[in-house]
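Participant: Just one file: coords23.cif, with mmCIF, C-alpha atoms.
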```cif
data_upload
#
loop_
_atom_site.label_atom_id
_atom_site.label_comp_id
_atom_site.auth_asym_id
_atom_site.auth_seq_id
_atom_site.Cartn_x
_atom_site.Cartn_y
_atom_site.Cartn_z
CA MET P 300 -72.66 147.52 -87.27
CA GLY P 301 -75.83 145.62 -86.76
CA THR P 302 -75.90 141.91 -86.25
CA SER P 303 -77.72 139.64 -88.62
CA LYS P 304 -80.65 137.81 -87.17
CA HIS P 305 -79.00 134.65 -88.53
CA THR P 306 -75.85 135.26 -86.55
CA ARG P 307 -75.29 132.30 -84.27
CA LYS P 308 -75.58 133.06 -80.57
CA LYS P 309 -72.58 132.30 -78.42
CA GLN P 310 -72.73 129.09 -76.47
CA PRO P 311 -72.98 129.71 -72.70
CA ILE P 312 -70.00 127.32 -72.20
CA ALA P 313 -66.89 127.84 -74.27
CA ASP P 314 -65.25 125.00 -76.19
CA LEU P 315 -68.09 122.51 -75.99
CA PRO P 316 -67.24 119.03 -77.27
CA TYR P 317 -68.47 118.31 -80.77
CA GLY P 318 -72.07 117.12 -80.71
CA VAL P 319 -72.94 118.73 -77.34
CA ALA P 320 -75.46 121.57 -77.09
CA VAL P 321 -76.42 123.66 -74.05
CA GLY P 322 -79.35 126.03 -73.90
CA LYS P 323 -81.66 127.89 -71.55
CA HIS P 324 -84.88 126.10 -70.80
CA SER P 325 -87.97 126.61 -68.72
CA LYS P 326 -86.64 123.89 -66.39
CA GLY P 327 -83.29 125.66 -66.11
CA TRP P 328 -80.55 124.52 -68.42
CA ARG P 329 -80.81 121.72 -70.95
CA VAL P 330 -77.80 119.68 -72.09
CA ARG P 331 -78.18 117.62 -75.26
CA LEU P 332 -75.60 114.99 -76.11
CA GLY P 333 -76.11 114.20 -79.79
CA ARG P 334 -75.35 111.00 -81.66
CA LYS P 335 -72.07 112.40 -82.91
CA PHE P 336 -70.98 112.70 -79.29
CA THR P 337 -72.43 109.48 -77.83
CA GLY P 338 -71.99 107.28 -80.88
CA GLY P 339 -75.50 106.01 -80.21
CA ASN P 340 -78.67 107.38 -78.70
CA VAL P 341 -79.28 111.07 -77.97
CA ILE P 342 -79.10 111.92 -74.26
CA GLU P 343 -80.81 114.94 -72.70
CA ARG P 344 -80.50 116.21 -69.16
CA TYR P 345 -81.87 119.27 -67.31
CA PHE P 346 -80.00 121.23 -64.61
CA PRO P 347 -81.02 124.09 -62.32
CA SER P 348 -77.84 126.04 -63.00
CA LEU P 349 -75.26 126.48 -65.73
CA ALA P 350 -72.54 125.34 -63.32
CA ASP P 351 -74.37 122.05 -62.75
CA ALA P 352 -74.72 121.55 -66.51
CA LYS P 353 -71.06 122.32 -67.06
CA GLY P 354 -69.99 119.91 -64.31
CA TRP P 355 -72.05 117.09 -65.81
CA ILE P 356 -70.57 117.66 -69.27
CA GLU P 357 -67.05 117.55 -67.84
CA THR P 358 -67.87 114.25 -66.11
CA GLU P 359 -69.68 112.71 -69.07
CA THR P 360 -67.08 113.59 -71.71
CA PRO P 361 -64.36 111.11 -70.59
CA ARG P 362 -66.99 108.43 -69.86
CA GLN P 363 -68.39 108.67 -73.38
CA LYS P 364 -64.88 108.53 -74.84
CA GLN P 365 -64.23 105.39 -72.79
CA ILE P 366 -67.46 103.80 -74.03
CA GLN P 367 -66.65 104.61 -77.65
CA ALA P 368 -63.19 103.11 -77.21
CA THR P 369 -64.75 99.70 -76.54
CA GLY P 370 -66.08 99.58 -80.08
CA LEU P 371 -69.48 98.43 -78.79
CA SER P 372 -72.75 99.89 -79.89
CA PRO P 373 -75.04 101.17 -77.13
CA ALA P 374 -77.26 98.11 -77.58
CA GLU P 375 -74.26 95.80 -77.29
CA LEU P 376 -72.99 97.64 -74.27
CA SER P 377 -76.40 97.42 -72.61
CA GLU P 378 -76.50 93.69 -73.31
CA ALA P 379 -73.01 93.24 -71.84
CA VAL P 380 -74.00 95.08 -68.68
CA ALA P 381 -77.07 92.86 -68.31
CA ALA P 382 -74.93 89.75 -68.85
CA PHE P 383 -72.47 90.83 -66.16
CA GLY P 384 -75.42 91.31 -63.80
CA GLN P 385 -76.63 87.75 -64.43
CA LEU P 386 -73.20 86.17 -64.10
CA ARG P 387 -71.97 88.03 -61.04
CA PRO P 388 -74.09 86.06 -58.50
CA LEU P 389 -72.77 82.84 -60.03
CA GLY P 390 -69.15 83.90 -59.67
CA VAL P 391 -68.59 83.37 -63.41
CA GLY P 392 -66.86 85.85 -65.68
CA LEU P 393 -68.21 86.86 -69.07
CA SER P 394 -65.25 85.41 -70.96
CA THR P 395 -65.71 82.03 -69.21
CA ALA P 396 -69.41 81.98 -70.07
CA VAL P 397 -68.73 82.88 -73.70
CA SER P 398 -66.00 80.22 -74.02
CA SER P 399 -68.37 77.60 -72.62
CA PHE P 400 -71.10 78.63 -75.04
CA ILE P 401 -68.78 78.52 -78.05
CA LYS P 402 -67.56 75.07 -77.05
CA SER P 403 -71.11 73.69 -76.89
CA TYR P 404 -72.59 75.65 -79.80
CA ILE P 405 -73.96 73.65 -82.72
CA PRO P 406 -74.82 75.66 -85.87
CA PRO P 407 -78.44 75.33 -87.02
CA ASN P 408 -77.43 73.35 -90.11
CA ARG P 409 -75.74 70.70 -87.89
CA ARG P 410 -78.57 70.20 -85.40
CA LYS P 411 -80.13 66.72 -85.42
CA THR P 412 -82.84 65.17 -83.32
CA PHE P 413 -82.02 61.79 -81.81
CA SER P 414 -84.42 60.13 -84.26
CA GLN P 415 -82.61 61.71 -87.22
CA LEU P 416 -79.23 60.81 -85.79
CA ALA P 417 -80.17 57.18 -85.18
CA ALA P 418 -81.55 56.86 -88.72
CA GLU P 419 -78.31 58.27 -90.18
CA PHE P 420 -76.23 56.02 -87.92
CA MET P 421 -78.17 52.96 -89.12
CA ARG P 422 -77.75 53.97 -92.78
CA ASP P 423 -74.02 54.27 -92.21
CA LYS P 424 -73.89 50.84 -90.57
CA ARG P 425 -75.91 49.23 -93.37
CA LYS P 426 -73.34 50.49 -95.88
CA LYS P 427 -70.79 48.51 -93.90
CA LYS P 428 -72.95 45.39 -93.80
CA LYS P 429 -70.06 43.28 -95.03
CA ARG P 430 -68.43 43.94 -91.70
CA LEU P 431 -71.58 43.81 -89.58
CA LYS P 432 -74.00 40.92 -89.28
CA GLY P 433 -77.69 41.45 -89.86
CA SER P 434 -78.40 40.38 -86.29
CA THR P 435 -76.10 43.15 -85.03
CA LEU P 436 -77.94 45.74 -87.10
CA LYS P 437 -81.27 44.50 -85.72
CA SER P 438 -79.86 44.77 -82.22
CA TYR P 439 -78.88 48.41 -82.84
CA LEU P 440 -82.32 49.15 -84.28
CA GLY P 441 -84.10 47.71 -81.26
CA PHE P 442 -82.05 49.77 -78.82
CA TYR P 443 -82.48 53.06 -80.66
CA ARG P 444 -86.20 52.62 -81.29
CA ARG P 445 -86.78 52.26 -77.57
CA PHE P 446 -84.67 55.29 -76.73
CA SER P 447 -86.44 57.30 -79.45
CA GLU P 448 -89.79 56.76 -77.75
CA THR P 449 -88.67 59.38 -75.20
CA PHE P 450 -86.13 61.49 -77.13
CA ASN P 451 -87.59 61.28 -80.63
CA LYS P 452 -87.63 65.04 -81.34
CA THR P 453 -85.00 66.20 -78.86
CA PRO P 454 -81.87 67.69 -80.45
CA VAL P 455 -78.89 65.50 -79.63
CA SER P 456 -76.89 68.55 -78.53
CA GLN P 457 -79.51 69.22 -75.83
CA ILE P 458 -79.54 65.71 -74.34
CA ARG P 459 -77.37 65.62 -71.24
CA ALA P 460 -75.82 62.75 -69.30
CA LYS P 461 -78.34 63.22 -66.48
CA ASP P 462 -81.21 62.83 -69.00
CA ILE P 463 -79.83 59.50 -70.21
CA ASP P 464 -79.08 58.33 -66.67
CA THR P 465 -82.65 59.14 -65.59
CA TRP P 466 -84.04 57.29 -68.62
CA LEU P 467 -82.02 54.19 -67.77
CA ASP P 468 -83.16 54.30 -64.15
CA ASP P 469 -86.80 54.79 -65.16
CA HIS P 470 -86.64 51.59 -67.23
CA ASP P 471 -85.14 49.58 -64.35
CA PHE P 472 -82.27 48.23 -66.43
CA GLU P 473 -79.75 46.34 -64.35
CA GLY P 474 -76.34 44.81 -64.78
CA ILE P 475 -75.60 43.58 -68.29
CA ASN P 476 -78.73 45.14 -69.83
CA TYR P 477 -77.83 48.54 -68.35
CA ASN P 478 -74.30 48.29 -69.71
CA ASN P 479 -75.53 47.12 -73.14
CA TYR P 480 -77.66 50.23 -73.46
CA LEU P 481 -74.71 52.38 -72.44
CA LYS P 482 -72.54 50.68 -75.06
CA HIS P 483 -75.07 51.21 -77.86
CA LEU P 484 -75.74 54.83 -76.91
CA ARG P 485 -72.03 55.54 -76.59
CA MET P 486 -71.54 54.34 -80.18
CA VAL P 487 -74.24 56.57 -81.59
CA TRP P 488 -72.90 59.57 -79.65
CA ASP P 489 -69.38 58.89 -80.96
CA PHE P 490 -70.95 59.02 -84.41
CA ALA P 491 -72.67 62.31 -83.54
CA VAL P 492 -69.41 63.89 -82.37
CA ASP P 493 -67.63 62.66 -85.50
CA ARG P 494 -70.34 64.23 -87.70
CA LYS P 495 -70.26 67.50 -85.66
CA TYR P 496 -73.84 67.05 -84.43
CA ALA P 497 -72.60 67.11 -80.82
CA THR P 498 -69.52 68.57 -79.21
CA GLU P 499 -68.92 65.76 -76.71
CA ASN P 500 -69.97 62.21 -75.91
CA VAL P 501 -72.11 62.79 -72.83
CA VAL P 502 -72.76 59.04 -72.47
CA SER P 503 -69.13 58.61 -71.43
CA GLU P 504 -69.92 60.53 -68.24
CA ILE P 505 -72.23 57.74 -67.03
CA GLU P 506 -70.68 55.04 -64.87
CA PRO P 507 -71.38 51.47 -66.05
CA ALA P 508 -73.20 49.15 -63.69
CA THR P 509 -71.22 46.76 -61.55
CA VAL P 510 -72.03 43.27 -62.76
CA LEU P 511 -71.61 40.59 -60.14
CA SER P 512 -70.29 37.29 -61.41
CA LYS P 513 -73.07 34.76 -60.84
CA PRO P 514 -73.04 31.05 -61.65
CA VAL P 515 -74.78 30.31 -64.94
CA THR P 516 -78.14 28.55 -64.78
CA ILE P 517 -78.41 25.12 -66.40
CA LEU P 518 -81.06 22.45 -66.77
CA THR P 519 -80.93 19.20 -64.85
CA PRO P 520 -80.94 16.07 -67.01
CA ASN P 521 -84.59 15.52 -66.03
CA GLN P 522 -85.53 19.06 -67.08
CA ALA P 523 -83.68 18.66 -70.39
CA GLU P 524 -85.53 15.37 -70.98
CA SER P 525 -88.90 17.03 -70.25
CA LEU P 526 -88.13 19.84 -72.67
CA LEU P 527 -87.08 17.45 -75.46
CA LYS P 528 -90.20 15.33 -74.88
CA ALA P 529 -92.48 18.39 -75.02
CA ALA P 530 -90.80 19.58 -78.24
CA LYS P 531 -91.16 16.13 -79.83
CA GLU P 532 -94.83 15.83 -78.83
CA ASP P 533 -95.69 19.32 -80.10
CA GLU P 534 -97.63 19.10 -83.36
CA GLY P 535 -95.21 19.40 -86.29
CA HIS P 536 -92.23 19.50 -83.86
CA PRO P 537 -91.37 23.12 -84.86
CA LEU P 538 -88.83 23.66 -82.06
CA LEU P 539 -87.38 20.19 -81.66
CA ALA P 540 -84.27 20.93 -83.75
CA TYR P 541 -83.79 24.20 -81.87
CA VAL P 542 -83.88 22.51 -78.46
CA ALA P 543 -81.70 19.57 -79.50
CA LEU P 544 -79.06 21.70 -81.22
CA ALA P 545 -78.85 24.13 -78.31
CA LEU P 546 -78.69 21.36 -75.68
CA PHE P 547 -76.27 19.03 -77.45
CA ALA P 548 -74.28 21.33 -79.78
CA GLY P 549 -74.28 24.55 -77.76
CA LEU P 550 -75.24 26.79 -80.68
CA ARG P 551 -76.24 30.36 -79.92
CA THR P 552 -79.85 31.40 -80.55
CA ARG P 553 -78.76 33.88 -83.24
CA GLU P 554 -76.77 31.16 -84.97
CA LEU P 555 -79.70 28.77 -84.81
CA GLN P 556 -82.05 31.35 -86.28
CA GLN P 557 -79.86 31.58 -89.39
CA LEU P 558 -79.15 27.86 -89.73
CA THR P 559 -80.32 25.78 -92.70
CA TRP P 560 -80.18 22.01 -93.13
CA THR P 561 -77.36 22.50 -95.64
CA ASN P 562 -75.23 23.50 -92.63
CA ILE P 563 -75.94 20.15 -90.93
CA HIS P 564 -74.08 17.20 -92.47
CA LEU P 565 -75.66 14.06 -91.05
CA ASP P 566 -75.04 11.59 -93.86
CA THR P 567 -71.29 11.35 -93.42
CA ALA P 568 -68.95 9.10 -91.46
CA ARG P 569 -68.47 11.88 -88.94
CA PRO P 570 -71.62 14.08 -88.83
CA VAL P 571 -70.86 17.75 -88.20
CA ILE P 572 -72.57 21.14 -88.07
CA GLU P 573 -70.96 23.97 -90.00
CA ILE P 574 -71.39 27.50 -88.65
CA THR P 575 -70.27 29.91 -91.35
CA ALA P 576 -68.36 33.12 -90.60
CA GLU P 577 -71.46 35.14 -91.52
CA GLN P 578 -73.59 33.18 -89.03
CA ALA P 579 -71.08 33.06 -86.18
CA LYS P 580 -70.95 35.76 -83.51
CA THR P 581 -67.15 35.65 -83.60
CA ARG P 582 -67.13 35.90 -87.46
CA ARG P 583 -65.06 32.77 -87.61
CA ARG P 584 -66.19 29.56 -89.28
CA ARG P 585 -66.76 26.81 -86.74
CA ILE P 586 -67.22 23.06 -87.10
CA VAL P 587 -69.19 21.38 -84.30
CA PRO P 588 -69.22 17.57 -84.12
CA VAL P 589 -72.67 16.01 -83.82
CA GLN P 590 -72.77 14.18 -80.49
CA GLN P 591 -73.95 10.58 -80.60
CA ASN P 592 -77.27 11.31 -78.88
CA LEU P 593 -77.88 14.45 -80.98
CA LEU P 594 -77.84 12.52 -84.26
CA GLY P 595 -81.17 10.76 -83.59
CA TRP P 596 -82.92 13.98 -82.59
CA LEU P 597 -81.74 15.74 -85.76
CA VAL P 598 -82.72 12.87 -88.06
CA PHE P 599 -86.21 12.84 -86.54
CA ALA P 600 -86.53 16.65 -86.74
CA ARG P 601 -85.29 16.79 -90.35
CA GLU P 602 -87.87 14.28 -91.49
CA ALA P 603 -90.64 16.15 -89.70
CA ALA P 604 -89.72 19.66 -90.86
CA PRO P 605 -87.22 19.69 -93.74
CA GLU P 606 -86.77 23.50 -93.96
CA PRO P 607 -86.05 25.80 -92.24
CA VAL P 608 -84.28 24.35 -89.22
CA ILE P 609 -85.83 26.99 -86.93
CA PRO P 610 -89.16 28.68 -87.88
CA TYR P 611 -87.97 32.20 -87.06
CA ASP P 612 -89.32 35.46 -88.48
CA PRO P 613 -87.62 38.63 -87.13
CA ALA P 614 -90.76 40.65 -87.84
CA SER P 615 -92.91 38.41 -85.66
CA ASN P 616 -92.99 37.15 -82.07
CA THR P 617 -94.17 33.71 -83.16
CA PHE P 618 -90.89 31.96 -82.33
CA TRP P 619 -90.75 33.46 -78.83
CA ASP P 620 -94.42 32.69 -78.19
CA LYS P 621 -93.88 29.08 -79.23
CA ARG P 622 -90.80 28.82 -77.03
CA ASP P 623 -92.74 30.12 -74.02
CA ALA P 624 -95.55 27.64 -74.69
CA LEU P 625 -92.94 24.87 -74.87
CA ARG P 626 -91.50 25.97 -71.52
CA LYS P 627 -94.90 25.67 -69.89
CA ALA P 628 -95.54 22.28 -71.51
CA ALA P 629 -92.22 21.03 -70.11
CA GLY P 630 -93.14 22.23 -66.61
CA LEU P 631 -90.35 24.83 -66.40
CA ASN P 632 -91.08 27.92 -64.30
CA GLU P 633 -88.73 30.17 -66.25
CA TRP P 634 -86.36 30.26 -69.20
CA PRO P 635 -83.06 31.66 -67.88
CA ARG P 636 -80.84 33.49 -70.35
CA ASN P 637 -78.87 31.07 -72.58
CA VAL P 638 -79.89 28.16 -70.36
CA LEU P 639 -79.62 25.56 -73.15
CA ARG P 640 -76.18 26.69 -74.30
CA HIS P 641 -74.95 26.92 -70.71
CA SER P 642 -76.18 23.37 -70.12
CA PHE P 643 -74.21 22.12 -73.12
CA GLY P 644 -70.98 23.82 -71.98
CA THR P 645 -71.31 22.57 -68.44
CA TYR P 646 -72.06 18.94 -69.26
CA LEU P 647 -69.49 18.74 -72.08
CA LEU P 648 -66.70 20.04 -69.84
CA ALA P 649 -67.79 17.68 -67.05
CA SER P 650 -67.58 14.65 -69.37
CA SER P 651 -64.53 15.65 -71.47
CA HIS P 652 -62.45 17.47 -68.81
CA ASP P 653 -61.09 19.48 -71.76
CA GLU P 654 -61.69 23.25 -71.72
CA ASN P 655 -59.98 23.68 -75.11
CA LEU P 656 -62.30 21.17 -76.77
CA THR P 657 -65.36 22.73 -75.10
CA ALA P 658 -64.23 26.25 -76.09
CA ALA P 659 -63.64 25.22 -79.72
CA GLN P 660 -67.11 23.69 -80.04
CA MET P 661 -68.82 26.66 -78.36
CA GLY P 662 -66.84 29.37 -80.18
CA ASN P 663 -65.54 30.73 -76.87
CA SER P 664 -62.18 31.09 -75.19
CA PRO P 665 -60.90 28.49 -72.70
CA ASP P 666 -60.86 31.20 -70.02
CA ILE P 667 -64.60 31.78 -70.47
CA VAL P 668 -65.27 28.04 -70.33
CA ILE P 669 -63.31 27.64 -67.09
CA LYS P 670 -64.94 30.72 -65.57
CA HIS P 671 -68.52 29.63 -66.23
CA TYR P 672 -68.66 25.85 -66.60
CA ARG P 673 -66.04 24.15 -64.43
CA GLU P 674 -67.05 21.88 -61.52
CA MET P 675 -70.79 22.63 -61.70
CA VAL P 676 -72.15 19.09 -62.08
CA ARG P 677 -71.21 15.63 -60.93
CA PRO P 678 -69.95 13.04 -63.48
CA GLU P 679 -73.06 10.87 -63.09
CA ALA P 680 -75.29 13.85 -64.03
CA ALA P 681 -73.18 14.44 -67.16
CA GLU P 682 -73.47 10.75 -68.09
CA ARG P 683 -77.24 10.93 -67.71
CA TYR P 684 -77.41 14.12 -69.81
CA TRP P 685 -75.53 12.61 -72.74
CA SER P 686 -77.69 9.50 -72.66
CA LEU P 687 -80.88 11.38 -73.56
CA LEU P 688 -81.73 9.61 -76.81
CA CYS P 689 -84.56 10.17 -79.26
CA ASP P 690 -87.22 7.48 -79.46
CA MET P 691 -87.78 7.27 -83.21
CA THR P 692 -91.36 5.98 -82.81
#
```
Take the structure in this file and express it as structure tokens.

Facilitator:
Amino acid sequence: MGTSKHTRKKQPIADLPYGVAVGKHSKGWRVRLGRKFTGGNVIERYFPSLADAKGWIETETPRQKQIQATGLSPAELSEAVAAFGQLRPLGVGLSTAVSSFIKSYIPPNRRKTFSQLAAEFMRDKRKKKKRLKGSTLKSYLGFYRRFSETFNKTPVSQIRAKDIDTWLDDHDFEGINYNNYLKHLRMVWDFAVDRKYATENVVSEIEPATVLSKPVTILTPNQAESLLKAAKEDEGHPLLAYVALALFAGLRTRELQQLTWTNIHLDTARPVIEITAEQAKTRRRRIVPVQQNLLGWLVFAREAAPEPVIPYDPASNTFWDKRDALRKAAGLNEWPRNVLRHSFGTYLLASSHDENLTAAQMGNSPDIVIKHYREMVRPEAAERYWSLLCDMT
């Protein structure tokens, strides 16, 4: 019988795997591994002899079965091979690298720039304004605005501890200021972790600065007198009440900036200053007796400028400019931090010898009073300080 021209020719190798074809070619023998065999791309190879082709098929068959058993596509397998090549010099396994990536991965819908994060943090804090003073919110805002100048558009998840550490060093922050920035940034990063915008608080990796305990700076009685005189002689006496209240009542600058004359009760048998819980740093109402020499200064200042007690506008630098001008007029070379309040604490403790009384009037603890104000001035200097009276003319 004749054979039909459509009769399939016998394969040169018996029992070829499904999807494998072998045929004669001008180059010798061609082996074609089809998609049904590889599970991916077609592979073609050419061999000088049928034996070589057969040997390659026998080698390739178990390898392809092993590849298919992984469940990876050829593209995925190729990517895995490339990843192994990149990780091998680092001594890191693929599973370790993947675990690290998953741990730090932030989905696109949870990615926030620092500017966005800070704005959301501030909105959250404003909702809790009953528990946070306005001055605290302004303090937060000042810190985050400055940090945003550098990291405005940087995703929070991409900011590392070394970036923050470098930023702090570049700005030459030292001691307390350095630690204050760390504290504020740590809070906003805690917020970011809580909202799933970051996977960890990288600020916690930064060591706080070591703050050496230094004696507080105070004014001598002569310097205090010069400052009071300059404030009284300044046209309109805008800062006289500020200076007198800080020197002789020990009020904090933030408390003074919120004070009104309704807080100051001068026309009573025992004149006092009332610091409300909202005004006080400690959130506790405090009553401060008006010292005998303070009364005259306050009466003079009230008549000269009935309201407000301190001309302070948080949106302007006017108060600070006026204070610096007053410093120069009084002949002071500098204005050390909290120098007026520290002077009050030091001279009151020196004259009263009572740390509990001093602490109560300052809104501090007795331990703080003893630490900062004990044995700094001689009794005669304290007597001179408390004898600085206002000339009503």

Participant: Dump as a list in words all residues having an atom at most 12 Å from (-70.2, 49.3, -79.3), computed in the file's coordinates with only C-alpha atoms.

Facilitator: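 With a cut-off of 12 Å, the residues come to Lys424, Leu431, Thr435, Leu436, Ser438, Tyr439, Phe442, Asn478, Asn479, Tyr480, Leu481, Lys482, His483, Leu484, Arg485, Met486, Val487, Trp488, Asp489 and Phe490 of chain P.
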
Participant: By how many Å are CA of Val502 in chain P and CA of Lys426 in chain P apart?

Facilitator: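 Computing the Euclidean distance for CA of Val502 in chain P and CA of Lys426 in chain P yields 24.9 Å.
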
Participant: Report as a PyMOL selection string the full result of the PyMOL selection byres ((chain P and resi 600) around 10) when it is applied to this structure.

Facilitator: chain P and resi 530-531+535-541+543+594-599+601-606+608

Participant: Could you tell me how far CA of Ile574 in chain P sits from CA of Phe643 in chain P, in Å to one decimal place?

Facilitator: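 So the two atoms, CA of Phe643 in chain P and CA of Ile574 in chain P, lie 16.7 Å apart.
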
Participant: For the atom pair CA of Leu639 in chain P and CA of Leu546 in chain P, what is the interatomic distance in Å to one decimal place?

Facilitator: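 Rounded to one decimal, the two atoms are 5.0 Å apart.
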
Participant: I need the residue set behind the PyMOL selection byres ((chain P and resi 630) around 12) for this file; please write it as a VMD selection string.

Facilitator: chain P and resid 521 to 529 623 to 629 631 to 634

Participant: Run the PyMOL selection byres ((chain P and resi 349-356) around 9) against the file shown and list the residues it catches, as a list in words.

Facilitator: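 In the shown coordinates, the PyMOL selection byres ((chain P and resi 349-356) around 9) covers Pro311, Ile312, Leu315, Pro316, Val319, Val321, Lys323, Gly327, Trp328, Arg329, Val330, Leu332, Arg344, Tyr345, Phe346, Pro347, Ser348, Glu357, Thr358, Glu359 and Thr360 of chain P.
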
Participant: Store the residues picked out above, limited to C-alpha atoms, as an mmCIF file, keeping the file's coordinate frame.

Facilitator:
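Output below, filename out.cif:
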```
data_model
loop_
_atom_site.group_PDB
_atom_site.id
_atom_site.type_symbol
_atom_site.label_atom_id
_atom_site.label_comp_id
_atom_site.auth_asym_id
_atom_site.auth_seq_id
_atom_site.Cartn_x
_atom_site.Cartn_y
_atom_site.Cartn_z
ATOM 1 C CA PRO P 311 -72.980 129.710 -72.700
ATOM 2 C CA ILE P 312 -70.000 127.320 -72.200
ATOM 3 C CA LEU P 315 -68.090 122.510 -75.990
ATOM 4 C CA PRO P 316 -67.240 119.030 -77.270
ATOM 5 C CA VAL P 319 -72.940 118.730 -77.340
ATOM 6 C CA VAL P 321 -76.420 123.660 -74.050
ATOM 7 C CA LYS P 323 -81.660 127.890 -71.550
ATOM 8 C CA GLY P 327 -83.290 125.660 -66.110
ATOM 9 C CA TRP P 328 -80.550 124.520 -68.420
ATOM 10 C CA ARG P 329 -80.810 121.720 -70.950
ATOM 11 C CA VAL P 330 -77.800 119.680 -72.090
ATOM 12 C CA LEU P 332 -75.600 114.990 -76.110
ATOM 13 C CA ARG P 344 -80.500 116.210 -69.160
ATOM 14 C CA TYR P 345 -81.870 119.270 -67.310
ATOM 15 C CA PHE P 346 -80.000 121.230 -64.610
ATOM 16 C CA PRO P 347 -81.020 124.090 -62.320
ATOM 17 C CA SER P 348 -77.840 126.040 -63.000
ATOM 18 C CA GLU P 357 -67.050 117.550 -67.840
ATOM 19 C CA THR P 358 -67.870 114.250 -66.110
ATOM 20 C CA GLU P 359 -69.680 112.710 -69.070
ATOM 21 C CA THR P 360 -67.080 113.590 -71.710
#
```

Participant: Name the residues in contact with range 559-564 of chain P at a cut-off of 6 Å, using only C-alpha atoms, excluding same-chain residues fewer than 3 positions from it; report them as a PyMOL selection string.

Facilitator: chain P and resi 570-573+607-608
